[in-house]
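Coordinates from work02.pdb are shown below (PDB, C-alpha atoms).
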MODEL        1
ATOM      1  CA  MET T 716      10.135  61.475 -26.777
ATOM      2  CA  LEU T 717       6.470  60.511 -26.886
ATOM      3  CA  HIS T 718       7.395  57.418 -28.904
ATOM      4  CA  GLU T 719      10.264  56.543 -26.585
ATOM      5  CA  LYS T 720       8.032  56.760 -23.501
ATOM      6  CA  ARG T 721       4.922  55.194 -25.018
ATOM      7  CA  ARG T 722       5.072  52.112 -22.779
ATOM      8  CA  ASP T 723       5.126  54.237 -19.622
ATOM      9  CA  ILE T 724       2.341  56.436 -21.013
ATOM     10  CA  ALA T 725       0.262  53.331 -21.743
ATOM     11  CA  VAL T 726       0.754  52.214 -18.125
ATOM     12  CA  LEU T 727      -0.383  55.612 -16.830
ATOM     13  CA  LEU T 728      -3.457  55.528 -19.077
ATOM     14  CA  THR T 729      -4.461  52.074 -17.800
ATOM     15  CA  LEU T 730      -4.053  53.362 -14.246
ATOM     16  CA  GLY T 731      -6.638  56.031 -15.011
ATOM     17  CA  MET T 732      -4.551  59.060 -15.952
ATOM     18  CA  LYS T 733      -6.382  61.242 -18.429
ATOM     19  CA  PRO T 734      -4.706  61.730 -21.835
ATOM     20  CA  PHE T 735      -4.945  65.502 -21.320
ATOM     21  CA  HIS T 736      -2.748  65.270 -18.211
ATOM     22  CA  VAL T 737      -0.167  63.123 -20.017
ATOM     23  CA  GLN T 738      -0.160  65.663 -22.851
ATOM     24  CA  LYS T 739       0.269  68.506 -20.354
ATOM     25  CA  ALA T 740       3.279  66.796 -18.750
ATOM     26  CA  PHE T 741       4.971  66.233 -22.126
ATOM     27  CA  ALA T 742       4.098  69.745 -23.290
ATOM     28  CA  PHE T 743       5.724  71.168 -20.144
ATOM     29  CA  LEU T 744       8.834  69.049 -20.658
ATOM     30  CA  GLY T 745       8.980  70.008 -24.343
ATOM     31  CA  LEU T 746       8.592  73.665 -23.438
ATOM     32  CA  LEU T 747      11.349  73.418 -20.858
ATOM     33  CA  ILE T 748      13.733  71.786 -23.334
ATOM     34  CA  GLY T 749      12.744  74.261 -26.081
ATOM     35  CA  VAL T 750      13.192  77.368 -23.914
ATOM     36  CA  THR T 751      16.510  76.051 -22.531
ATOM     37  CA  GLY T 752      17.691  75.485 -26.109
ATOM     38  CA  ILE T 753      16.652  78.997 -27.176
ATOM     39  CA  VAL T 754      18.329  80.671 -24.183
ATOM     40  CA  PHE T 755      21.485  78.621 -24.726
ATOM     41  CA  ALA T 756      21.503  79.484 -28.442
ATOM     42  CA  PHE T 757      21.057  83.203 -27.701
ATOM     43  CA  LEU T 758      23.972  83.124 -25.250
ATOM     44  CA  VAL T 759      26.353  81.095 -27.407
ATOM     45  CA  SER T 760      25.580  82.310 -30.926
ATOM     46  CA  PRO T 761      27.071  85.863 -30.508
ATOM     47  CA  ILE T 762      30.354  84.241 -29.479
ATOM     48  CA  VAL T 763      30.304  81.772 -32.386
ATOM     49  CA  ILE T 764      29.460  84.593 -34.845
ATOM     50  CA  TRP T 765      32.261  86.743 -33.468
ATOM     51  CA  VAL T 766      34.737  83.848 -33.919
ATOM     52  CA  PHE T 767      33.506  83.188 -37.493
ATOM     53  CA  ASN T 768      33.813  86.849 -38.463
ATOM     54  CA  GLU T 769      37.044  87.611 -36.609
ATOM     55  CA  TYR T 770      38.944  84.611 -37.970
ATOM     56  CA  LYS T 771      37.217  84.591 -41.392
ATOM     57  CA  ILE T 772      36.409  80.909 -41.066
ATOM     58  CA  PHE T 773      34.417  80.636 -44.303
ATOM     59  CA  GLU T 774      36.625  82.176 -46.985
ATOM     60  CA  LEU T 775      35.404  83.090 -50.464
ATOM     61  CA  PRO T 776      37.283  83.837 -53.705
ATOM     62  CA  PRO T 777      37.299  87.731 -53.701
ATOM     63  CA  GLU T 778      37.807  87.937 -57.480
ATOM     64  CA  VAL T 779      34.361  86.342 -57.916
ATOM     65  CA  LEU T 780      32.226  87.817 -55.129
ATOM     66  CA  MET T 781      34.099  91.021 -54.091
ATOM     67  CA  ILE T 782      34.153  89.854 -50.460
ATOM     68  CA  ASP T 783      36.753  87.493 -49.054
ATOM     69  CA  TYR T 784      34.712  85.741 -46.378
ATOM     70  CA  VAL T 785      31.131  84.959 -45.332
ATOM     71  CA  HIS T 786      30.021  87.553 -42.847
ATOM     72  CA  PHE T 787      27.657  86.361 -40.136
ATOM     73  CA  ALA T 788      25.191  88.486 -38.204
ATOM     74  CA  LEU T 789      22.620  87.621 -35.577
ATOM     75  CA  GLU T 790      19.058  88.341 -36.676
ATOM     76  CA  TRP T 791      17.061  88.276 -33.459
ATOM     77  CA  LYS T 792      13.737  88.125 -35.293
ATOM     78  CA  HIS T 793      14.789  85.031 -37.289
ATOM     79  CA  SER T 794      16.220  83.284 -34.242
ATOM     80  CA  LEU T 795      13.059  83.921 -32.269
ATOM     81  CA  MET T 796      10.937  82.602 -35.142
ATOM     82  CA  VAL T 797      12.976  79.373 -35.394
ATOM     83  CA  GLY T 798      12.790  78.879 -31.628
ATOM     84  CA  LEU T 799       9.055  79.471 -31.450
ATOM     85  CA  SER T 800       8.426  77.205 -34.455
ATOM     86  CA  LEU T 801      10.307  74.392 -32.718
ATOM     87  CA  ILE T 802       8.193  74.834 -29.585
ATOM     88  CA  VAL T 803       4.921  74.879 -31.566
ATOM     89  CA  VAL T 804       5.881  71.745 -33.539
ATOM     90  CA  GLY T 805       6.893  70.052 -30.262
ATOM     91  CA  LEU T 806       3.562  70.920 -28.636
ATOM     92  CA  LEU T 807       1.602  69.686 -31.655
ATOM     93  CA  THR T 808       3.316  66.289 -31.568
ATOM     94  CA  THR T 809       2.095  65.745 -27.967
ATOM     95  CA  SER T 810      -1.438  65.293 -29.340
ATOM     96  CA  GLY T 811      -0.239  61.796 -30.371
ATOM     97  CA  VAL T 812      -1.072  60.650 -26.842
ATOM     98  CA  TYR T 813      -4.783  60.549 -27.809
ATOM     99  CA  ARG T 814      -4.067  57.974 -30.519
ATOM    100  CA  LEU T 815      -2.217  55.502 -28.280
ATOM    101  CA  LYS T 816      -3.839  52.101 -27.689
ATOM    102  CA  PRO T 817      -2.540  51.238 -24.210
ATOM    103  CA  MET T 818      -3.317  47.509 -24.078
ATOM    104  CA  VAL T 819      -1.942  46.891 -27.562
ATOM    105  CA  ILE T 820       1.322  48.632 -26.607
ATOM    106  CA  LEU T 821       1.555  46.761 -23.323
ATOM    107  CA  ARG T 822       0.850  43.411 -24.960
ATOM    108  CA  ASP T 823       3.333  43.911 -27.813
ATOM    109  CA  GLU T 824       6.286  45.533 -25.980
TER     110      GLU T 824
ATOM    111  CA  MET E 838     -27.225  40.907  -1.476
ATOM    112  CA  ASN E 839     -26.596  40.836  -5.220
ATOM    113  CA  SER E 840     -23.119  39.475  -5.912
ATOM    114  CA  ASP E 841     -23.155  40.216  -9.652
ATOM    115  CA  LEU E 842     -20.347  42.625 -10.370
ATOM    116  CA  ILE E 843     -19.889  42.734 -14.139
ATOM    117  CA  THR E 844     -22.605  41.822 -16.609
ATOM    118  CA  VAL E 845     -21.682  41.586 -20.265
ATOM    119  CA  ASN E 846     -24.501  41.450 -22.818
ATOM    120  CA  LYS E 847     -24.046  40.516 -26.493
ATOM    121  CA  LEU E 848     -20.598  42.084 -26.712
ATOM    122  CA  SER E 849     -19.042  42.199 -30.176
ATOM    123  CA  LYS E 850     -15.776  43.649 -31.403
ATOM    124  CA  SER E 851     -14.059  43.539 -34.752
ATOM    125  CA  TYR E 852     -10.826  45.069 -36.020
ATOM    126  CA  PRO E 853      -9.970  46.173 -39.535
ATOM    127  CA  SER E 854      -7.600  43.746 -41.205
ATOM    128  CA  ARG E 855      -5.946  44.825 -44.435
ATOM    129  CA  GLN E 856      -6.310  42.502 -47.406
ATOM    130  CA  GLY E 857      -4.005  43.483 -50.240
ATOM    131  CA  LYS E 858      -3.327  47.168 -50.844
ATOM    132  CA  ILE E 859      -6.773  48.639 -50.843
ATOM    133  CA  SER E 860      -9.546  46.507 -49.421
ATOM    134  CA  VAL E 861     -10.040  46.399 -45.662
ATOM    135  CA  LEU E 862     -12.072  43.629 -44.060
ATOM    136  CA  HIS E 863     -13.447  43.767 -40.556
ATOM    137  CA  GLU E 864     -12.314  40.684 -38.706
ATOM    138  CA  SER E 865     -14.640  39.688 -35.893
ATOM    139  CA  VAL E 866     -12.647  39.043 -32.703
ATOM    140  CA  LEU E 867     -15.532  38.765 -30.247
ATOM    141  CA  HIS E 868     -19.029  37.792 -31.304
ATOM    142  CA  GLU E 869     -22.066  38.424 -29.095
ATOM    143  CA  ILE E 870     -20.403  37.485 -25.850
ATOM    144  CA  ASP E 871     -22.401  37.107 -22.638
ATOM    145  CA  LEU E 872     -20.561  36.929 -19.342
ATOM    146  CA  LEU E 873     -21.313  37.347 -15.663
ATOM    147  CA  ILE E 874     -18.527  38.097 -13.188
ATOM    148  CA  LYS E 875     -19.354  37.842  -9.501
ATOM    149  CA  LYS E 876     -17.748  39.455  -6.480
ATOM    150  CA  SER E 877     -15.162  37.355  -4.632
ATOM    151  CA  GLU E 878     -14.797  35.006  -7.573
ATOM    152  CA  MET E 879     -11.813  34.113  -9.717
ATOM    153  CA  THR E 880     -12.642  33.654 -13.396
ATOM    154  CA  ALA E 881     -10.276  32.279 -16.014
ATOM    155  CA  ILE E 882     -10.462  33.123 -19.693
ATOM    156  CA  ILE E 883      -8.459  30.640 -21.712
ATOM    157  CA  GLY E 884      -7.857  30.377 -25.432
ATOM    158  CA  VAL E 885      -5.081  30.172 -27.977
ATOM    159  CA  SER E 886      -3.005  33.235 -28.894
ATOM    160  CA  GLY E 887      -5.053  35.638 -30.980
ATOM    161  CA  SER E 888      -8.368  34.250 -29.745
ATOM    162  CA  GLY E 889      -9.367  37.635 -28.312
ATOM    163  CA  LYS E 890      -8.515  37.282 -24.607
ATOM    164  CA  THR E 891      -6.685  40.603 -24.453
ATOM    165  CA  THR E 892      -9.461  42.278 -26.467
ATOM    166  CA  LEU E 893     -12.015  41.048 -23.945
ATOM    167  CA  LEU E 894      -9.903  42.337 -21.048
ATOM    168  CA  ASN E 895      -9.519  45.696 -22.857
ATOM    169  CA  LEU E 896     -13.282  45.960 -23.088
ATOM    170  CA  LEU E 897     -13.887  44.846 -19.497
ATOM    171  CA  GLY E 898     -11.204  47.312 -18.418
ATOM    172  CA  CYS E 899     -12.853  50.221 -20.251
ATOM    173  CA  LEU E 900      -9.765  50.700 -22.434
ATOM    174  CA  ASP E 901     -11.659  50.100 -25.642
ATOM    175  CA  ARG E 902     -15.253  50.383 -26.798
ATOM    176  CA  PRO E 903     -17.292  47.527 -28.240
ATOM    177  CA  ASP E 904     -18.892  47.675 -31.676
ATOM    178  CA  SER E 905     -22.121  46.516 -30.086
ATOM    179  CA  GLY E 906     -23.316  45.118 -26.776
ATOM    180  CA  LYS E 907     -23.208  46.433 -23.249
ATOM    181  CA  ILE E 908     -21.063  46.147 -20.134
ATOM    182  CA  PHE E 909     -22.547  46.878 -16.728
ATOM    183  CA  TYR E 910     -20.580  47.326 -13.518
ATOM    184  CA  GLY E 911     -23.352  46.684 -11.003
ATOM    185  CA  PRO E 912     -26.259  48.753 -12.271
ATOM    186  CA  GLU E 913     -24.062  51.235 -14.162
ATOM    187  CA  GLU E 914     -23.549  50.850 -17.903
ATOM    188  CA  VAL E 915     -19.941  51.772 -18.613
ATOM    189  CA  THR E 916     -20.090  51.532 -22.399
ATOM    190  CA  THR E 917     -21.900  54.880 -22.545
ATOM    191  CA  LEU E 918     -19.453  56.798 -20.328
ATOM    192  CA  SER E 919     -17.244  59.529 -21.801
ATOM    193  CA  ASN E 920     -13.468  59.009 -22.094
ATOM    194  CA  ILE E 921     -12.816  61.145 -19.016
ATOM    195  CA  GLU E 922     -15.435  59.257 -17.003
ATOM    196  CA  LEU E 923     -13.879  55.976 -18.148
ATOM    197  CA  ALA E 924     -10.418  57.122 -17.023
ATOM    198  CA  ASN E 925     -11.867  57.930 -13.587
ATOM    199  CA  TYR E 926     -13.675  54.610 -13.543
ATOM    200  CA  ARG E 927     -10.449  52.720 -14.315
ATOM    201  CA  ASN E 928      -8.586  54.586 -11.625
ATOM    202  CA  HIS E 929     -11.116  53.862  -8.885
ATOM    203  CA  HIS E 930     -12.644  50.504  -9.758
ATOM    204  CA  ILE E 931     -10.330  48.475 -12.027
ATOM    205  CA  GLY E 932      -6.841  47.100 -11.437
ATOM    206  CA  PHE E 933      -4.604  45.748 -14.202
ATOM    207  CA  VAL E 934      -1.843  43.156 -13.937
ATOM    208  CA  PHE E 935       0.354  42.380 -16.937
ATOM    209  CA  GLN E 936       2.478  39.456 -18.049
ATOM    210  CA  ARG E 937       5.546  41.662 -18.425
ATOM    211  CA  PHE E 938       4.808  43.594 -15.222
ATOM    212  CA  HIS E 939       5.167  47.008 -16.895
ATOM    213  CA  LEU E 940       6.611  48.780 -13.883
ATOM    214  CA  ILE E 941       8.162  52.165 -14.553
ATOM    215  CA  PRO E 942      11.898  51.368 -14.419
ATOM    216  CA  GLU E 943      13.042  54.749 -13.099
ATOM    217  CA  LEU E 944      10.763  54.553 -10.061
ATOM    218  CA  PHE E 945      11.171  52.649  -6.787
ATOM    219  CA  SER E 946       8.651  49.905  -5.944
ATOM    220  CA  ILE E 947       6.784  52.189  -3.572
ATOM    221  CA  GLU E 948       6.628  54.974  -6.171
ATOM    222  CA  ASN E 949       5.220  52.561  -8.766
ATOM    223  CA  VAL E 950       2.550  51.503  -6.274
ATOM    224  CA  LEU E 951       1.532  55.001  -5.253
ATOM    225  CA  LEU E 952       0.948  56.139  -8.857
ATOM    226  CA  PRO E 953      -2.794  55.240  -8.956
ATOM    227  CA  LEU E 954      -3.281  57.025  -5.624
ATOM    228  CA  ARG E 955      -1.601  60.197  -6.878
ATOM    229  CA  ILE E 956      -3.667  60.021 -10.090
ATOM    230  CA  ALA E 957      -6.752  59.794  -7.846
ATOM    231  CA  GLY E 958      -5.624  63.016  -6.159
ATOM    232  CA  MET E 959      -4.367  61.647  -2.826
ATOM    233  CA  SER E 960      -1.698  63.699  -1.039
ATOM    234  CA  GLY E 961       1.927  62.527  -1.273
ATOM    235  CA  VAL E 962       2.321  61.563   2.400
ATOM    236  CA  GLU E 963      -0.984  59.696   2.564
ATOM    237  CA  ALA E 964      -0.254  57.897  -0.726
ATOM    238  CA  LEU E 965       3.211  56.902   0.517
ATOM    239  CA  GLU E 966       1.750  55.414   3.710
ATOM    240  CA  LYS E 967      -0.928  53.470   1.845
ATOM    241  CA  ALA E 968       1.515  52.183  -0.810
ATOM    242  CA  GLU E 969       3.833  51.014   1.977
ATOM    243  CA  ARG E 970       0.939  49.180   3.663
ATOM    244  CA  VAL E 971      -0.072  47.404   0.438
ATOM    245  CA  LEU E 972       3.513  46.421  -0.385
ATOM    246  CA  LYS E 973       3.764  44.908   3.108
ATOM    247  CA  ASP E 974       0.508  43.031   2.427
ATOM    248  CA  VAL E 975       2.048  41.373  -0.640
ATOM    249  CA  GLY E 976       5.204  40.477   1.300
ATOM    250  CA  LEU E 977       7.581  43.113  -0.037
ATOM    251  CA  GLU E 978       8.215  45.173   3.098
ATOM    252  CA  ASP E 979      11.980  44.919   2.507
ATOM    253  CA  LYS E 980      11.791  45.988  -1.153
ATOM    254  CA  LEU E 981      10.043  49.360  -0.840
ATOM    255  CA  TRP E 982      13.025  51.331  -2.091
ATOM    256  CA  ASN E 983      14.265  48.965  -4.762
ATOM    257  CA  LYS E 984      13.950  49.686  -8.443
ATOM    258  CA  PRO E 985      12.369  47.053 -10.737
ATOM    259  CA  SER E 986      15.811  46.091 -12.102
ATOM    260  CA  GLU E 987      16.788  44.980  -8.580
ATOM    261  CA  LEU E 988      13.776  42.648  -8.177
ATOM    262  CA  SER E 989      13.162  39.052  -9.242
ATOM    263  CA  ALA E 990      10.338  38.288 -11.697
ATOM    264  CA  GLY E 991       8.058  37.132  -8.873
ATOM    265  CA  GLN E 992       8.786  40.264  -6.844
ATOM    266  CA  LYS E 993       8.087  42.467  -9.878
ATOM    267  CA  GLN E 994       4.721  40.765 -10.323
ATOM    268  CA  ARG E 995       3.952  41.336  -6.630
ATOM    269  CA  VAL E 996       4.698  45.035  -7.097
ATOM    270  CA  GLY E 997       2.424  44.946 -10.180
ATOM    271  CA  ILE E 998      -0.362  43.382  -8.108
ATOM    272  CA  ALA E 999       0.192  45.888  -5.271
ATOM    273  CA  ARG E1000      -0.124  48.716  -7.813
ATOM    274  CA  ALA E1001      -3.313  47.154  -9.185
ATOM    275  CA  ILE E1002      -5.021  46.791  -5.788
ATOM    276  CA  VAL E1003      -3.799  49.916  -4.014
ATOM    277  CA  ASN E1004      -6.991  51.826  -4.879
ATOM    278  CA  SER E1005      -9.138  48.886  -3.649
ATOM    279  CA  PRO E1006     -10.727  48.222  -7.049
ATOM    280  CA  LYS E1007     -13.845  46.128  -7.572
ATOM    281  CA  VAL E1008     -12.144  43.985 -10.180
ATOM    282  CA  LEU E1009      -8.618  42.911 -11.014
ATOM    283  CA  LEU E1010      -7.939  42.092 -14.666
ATOM    284  CA  ALA E1011      -4.804  40.025 -15.151
ATOM    285  CA  ASP E1012      -3.454  39.351 -18.633
ATOM    286  CA  GLU E1013      -1.215  36.247 -18.454
ATOM    287  CA  PRO E1014      -0.028  37.167 -14.926
ATOM    288  CA  THR E1015       2.155  34.065 -14.628
ATOM    289  CA  GLY E1016       3.393  33.968 -18.217
ATOM    290  CA  ASN E1017       6.934  34.994 -17.272
ATOM    291  CA  LEU E1018       7.218  33.052 -14.023
ATOM    292  CA  ASP E1019       8.531  29.621 -13.008
ATOM    293  CA  SER E1020       6.157  27.062 -11.465
ATOM    294  CA  ASN E1021       6.972  27.893  -7.811
ATOM    295  CA  THR E1022       6.481  31.600  -8.351
ATOM    296  CA  THR E1023       3.326  30.898 -10.371
ATOM    297  CA  ASN E1024       1.958  29.097  -7.340
ATOM    298  CA  GLU E1025       2.811  32.035  -5.067
ATOM    299  CA  ILE E1026       1.160  34.535  -7.395
ATOM    300  CA  ALA E1027      -1.932  32.314  -7.744
ATOM    301  CA  ASN E1028      -2.164  32.165  -3.926
ATOM    302  CA  LEU E1029      -1.894  35.937  -3.752
ATOM    303  CA  LEU E1030      -4.635  36.388  -6.374
ATOM    304  CA  GLU E1031      -6.852  33.992  -4.400
ATOM    305  CA  THR E1032      -6.449  36.046  -1.226
ATOM    306  CA  LEU E1033      -7.828  39.076  -3.087
ATOM    307  CA  THR E1034     -11.181  37.385  -3.583
ATOM    308  CA  ALA E1035     -11.567  37.392   0.208
ATOM    309  CA  ARG E1036     -11.720  41.203  -0.058
ATOM    310  CA  GLU E1037     -14.805  40.981  -2.295
ATOM    311  CA  MET E1038     -12.648  41.649  -5.316
ATOM    312  CA  ALA E1039     -13.413  39.825  -8.563
ATOM    313  CA  VAL E1040     -10.319  38.506 -10.325
ATOM    314  CA  VAL E1041     -10.400  37.832 -14.060
ATOM    315  CA  VAL E1042      -7.319  36.130 -15.510
ATOM    316  CA  ALA E1043      -6.567  35.562 -19.162
ATOM    317  CA  THR E1044      -4.154  32.660 -19.123
ATOM    318  CA  HIS E1045      -2.551  29.787 -20.965
ATOM    319  CA  ASN E1046      -1.567  28.204 -17.673
ATOM    320  CA  PRO E1047      -3.802  25.187 -16.886
ATOM    321  CA  GLU E1048      -2.688  25.179 -13.229
ATOM    322  CA  LEU E1049      -3.816  28.781 -12.732
ATOM    323  CA  ALA E1050      -7.052  28.153 -14.664
ATOM    324  CA  ARG E1051      -7.762  25.098 -12.490
ATOM    325  CA  ARG E1052      -7.750  27.284  -9.390
ATOM    326  CA  CYS E1053     -10.467  29.558 -10.749
ATOM    327  CA  ALA E1054     -14.109  29.117  -9.721
ATOM    328  CA  LYS E1055     -15.254  29.671 -13.287
ATOM    329  CA  ARG E1056     -13.491  28.957 -16.547
ATOM    330  CA  TYR E1057     -14.357  30.093 -20.026
ATOM    331  CA  GLU E1058     -12.751  29.316 -23.340
ATOM    332  CA  LEU E1059     -12.635  31.845 -26.152
ATOM    333  CA  LYS E1060     -12.867  30.095 -29.509
ATOM    334  CA  ASN E1061     -13.760  31.594 -32.872
ATOM    335  CA  GLY E1062     -14.905  34.795 -31.194
ATOM    336  CA  ARG E1063     -17.336  33.014 -28.878
ATOM    337  CA  LEU E1064     -17.093  32.330 -25.175
ATOM    338  CA  HIS E1065     -17.885  28.844 -23.892
ATOM    339  CA  GLU E1066     -18.108  27.989 -20.221
ATOM    340  CA  ILE E1067     -16.033  24.990 -19.244
ATOM    341  CA  LYS E1068     -18.080  23.010 -16.779
ATOM    342  CA  LEU E1069     -16.160  21.788 -13.746
TER     343      LEU E1069
ENDMDL
END

Is it possible to express this structure as structure tokens?
Amino acid sequence: MLHEKRRDIAVLLTLGMKPFHVQKAFAFLGLLIGVTGIVFAFLVSPIVIWVFNEYKIFELPPEVLMIDYVHFALEWKHSLMVGLSLIVVGLLTTSGVYRLKPMVILRDE
Amino acid sequence: MNSDLITVNKLSKSYPSRQGKISVLHESVLHEIDLLIKKSEMTAIIGVSGSGKTTLLNLLGCLDRPDSGKIFYGPEEVTTLSNIELANYRNHHIGFVFQRFHLIPELFSIENVLLPLRIAGMSGVEALEKAERVLKDVGLEDKLWNKPSELSAGQKQRVGIARAIVNSPKVLLADEPTGNLDSNTTNEIANLLETLTAREMAVVVATHNPELARRCAKRYELKNGRLHEIKL
């Protein structure tokens, strides 16, 4: 998103906005998208897992593995870890705003 | 009263340019440039593409730091200011106008213009009133609530100029302000830039346009990293 909006960010920097404030705005947006994604995933995944297990979507040859389908279960700890990792990576990428060269971007785009 | 606004002393800037896979040479773009910009004066910087006009504007606009040399705004040396101080300085004292306007497409004209005021910490209502006043000054009173996509090139540049002057800066730096405009609109924009000098604002234009350069009180040519005054 930072790359997509780099022209607008360059404009804001030339107008005197401090890079820290641009970073804060993108961090907030990233956080909002990340948290929305996590909440949505937590609401939807139990239903998806129930459907997978109930209808045995992913079948296996029982003569080989002794079970006839892949059983899914929700591991809250793992889900939380994935969600938090995504948010941390998202926040780290916002530091790219300090490396932008506003006039070069505005001249070239 | 001293009318000197910007004093540039022995300003040099080079950029790394890659030669082959490993070696990096530093290519000198500006070499020991001296320049004096006065209040209420329009100055043209001309030169071929790649001659360093934009680099000079970057440095004058506190968007980049020189390798050596000094820039003074009045008595204050800006080359020693911190990044945060420079951002504040840009917001309060420097306006930028671009060839491709660079308005934020999702925002209305008035919202584009009030951005510098909001960055300066002005309240929403006050900023809205001031932005409206400045847009009326540049002749766009009927385009306050139009988005950039609904404006002609000349109107977009007027919004760009309104955004640049809304904080009443000391200097307006314009990088090819008429580069995307036809000759009639170029004339209108040049007239508008001239009116700004009556407000004690210094206007510095980097341009290829001889007509616009002709209307400037001072003209300089950038050639081989050096600045030469063109005598009138």

- request: Name all residues at most 10 Å from T:Leu746 (count all atoms listed in the file; drop same-chain ones fewer than 4 positions away) and give them as a PyMOL selection string.
  value: chain T and resi 740-742+750-752+799+801-803+805-806

Take the residues from that selection and put them in a file with C-alpha atoms, as a PDB file, in the frame of the given file.
ATOM      1  CA  ALA T 740       3.279  66.796 -18.750  1.00  0.00           C
ATOM      2  CA  PHE T 741       4.971  66.233 -22.126  1.00  0.00           C
ATOM      3  CA  ALA T 742       4.098  69.745 -23.290  1.00  0.00           C
ATOM      4  CA  VAL T 750      13.192  77.368 -23.914  1.00  0.00           C
ATOM      5  CA  THR T 751      16.510  76.051 -22.531  1.00  0.00           C
ATOM      6  CA  GLY T 752      17.691  75.485 -26.109  1.00  0.00           C
ATOM      7  CA  LEU T 799       9.055  79.471 -31.450  1.00  0.00           C
ATOM      8  CA  LEU T 801      10.307  74.392 -32.718  1.00  0.00           C
ATOM      9  CA  ILE T 802       8.193  74.834 -29.585  1.00  0.00           C
ATOM     10  CA  VAL T 803       4.921  74.879 -31.566  1.00  0.00           C
ATOM     11  CA  GLY T 805       6.893  70.052 -30.262  1.00  0.00           C
ATOM     12  CA  LEU T 806       3.562  70.920 -28.636  1.00  0.00           C
TER      13      LEU T 806
END

task: Evaluate the ChimeraX specification (/E :<12) & /T here and jot the selected residues down as an NGL selection string.
output: :T and (720-737 or 813-824)

- prompt: What does the distance between atom CA of E:Lys967 and atom CA of E:Thr1022 come to in Å, to one decimal place?
  reply: 25.2 Å

Can you tell me, as a PDB file with C-alpha atoms, keeping the file's coordinate frame, which residues sit within 6 Å of (15.0, 77.5, -31.2) in the file's frame, using all atoms listed in the file?
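For reference, selection-v8.pdb as written:
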ATOM      1  CA  ILE T 753      16.652  78.997 -27.176  1.00  0.00           C
ATOM      2  CA  VAL T 797      12.976  79.373 -35.394  1.00  0.00           C
ATOM      3  CA  GLY T 798      12.790  78.879 -31.628  1.00  0.00           C
ATOM      4  CA  LEU T 801      10.307  74.392 -32.718  1.00  0.00           C
TER       5      LEU T 801
END

- request: Starting from the shown file, work through the PyMOL selection byres ((chain E and resi 839) around 10) and note down what comes out as an NGL selection string.
  value: :E and (838 or 840-842 or 875-876 or 911)

Those residues with C-alpha atoms, as a PDB file, keeping the file's coordinate frame please?
ATOM      1  CA  MET E 838     -27.225  40.907  -1.476  1.00  0.00           C
ATOM      2  CA  SER E 840     -23.119  39.475  -5.912  1.00  0.00           C
ATOM      3  CA  ASP E 841     -23.155  40.216  -9.652  1.00  0.00           C
ATOM      4  CA  LEU E 842     -20.347  42.625 -10.370  1.00  0.00           C
ATOM      5  CA  LYS E 875     -19.354  37.842  -9.501  1.00  0.00           C
ATOM      6  CA  LYS E 876     -17.748  39.455  -6.480  1.00  0.00           C
ATOM      7  CA  GLY E 911     -23.352  46.684 -11.003  1.00  0.00           C
TER       8      GLY E 911
END

One-decimal distance in Å that lies between atom CA of E:Val971 and atom CA of E:Lys984: 16.8 Å

Give me stretch 787-797 of chain T with N, CA and C atoms filled in, as a tab-separated table (two decimals), keeping the file's coordinate frame.
chain	number	residue	atom	x	y	z
T	787	PHE	N	28.84	86.81	-40.90
T	787	PHE	CA	27.66	86.36	-40.14
T	787	PHE	C	27.12	87.49	-39.27
T	788	ALA	N	25.81	87.50	-39.11
T	788	ALA	CA	25.19	88.49	-38.20
T	788	ALA	C	23.99	87.81	-37.53
T	789	LEU	N	23.74	88.22	-36.31
T	789	LEU	CA	22.62	87.62	-35.58
T	789	LEU	C	21.34	88.40	-35.86
T	790	GLU	N	20.37	87.72	-36.43
T	790	GLU	CA	19.06	88.34	-36.68
T	790	GLU	C	18.11	87.85	-35.58
T	791	TRP	N	17.85	88.69	-34.62
T	791	TRP	CA	17.06	88.28	-33.46
T	791	TRP	C	15.67	87.79	-33.87
T	792	LYS	N	15.09	88.48	-34.87
T	792	LYS	CA	13.74	88.12	-35.29
T	792	LYS	C	13.70	86.69	-35.85
T	793	HIS	N	14.73	86.37	-36.69
T	793	HIS	CA	14.79	85.03	-37.29
T	793	HIS	C	15.00	83.96	-36.22
T	794	SER	N	15.91	84.26	-35.30
T	794	SER	CA	16.22	83.28	-34.24
T	794	SER	C	14.98	83.00	-33.41
T	795	LEU	N	14.27	84.07	-33.09
T	795	LEU	CA	13.06	83.92	-32.27
T	795	LEU	C	12.02	83.08	-33.02
T	796	MET	N	11.92	83.33	-34.32
T	796	MET	CA	10.94	82.60	-35.14
T	796	MET	C	11.27	81.11	-35.18
T	797	VAL	N	12.56	80.79	-35.36
T	797	VAL	CA	12.98	79.37	-35.39
T	797	VAL	C	12.66	78.71	-34.05
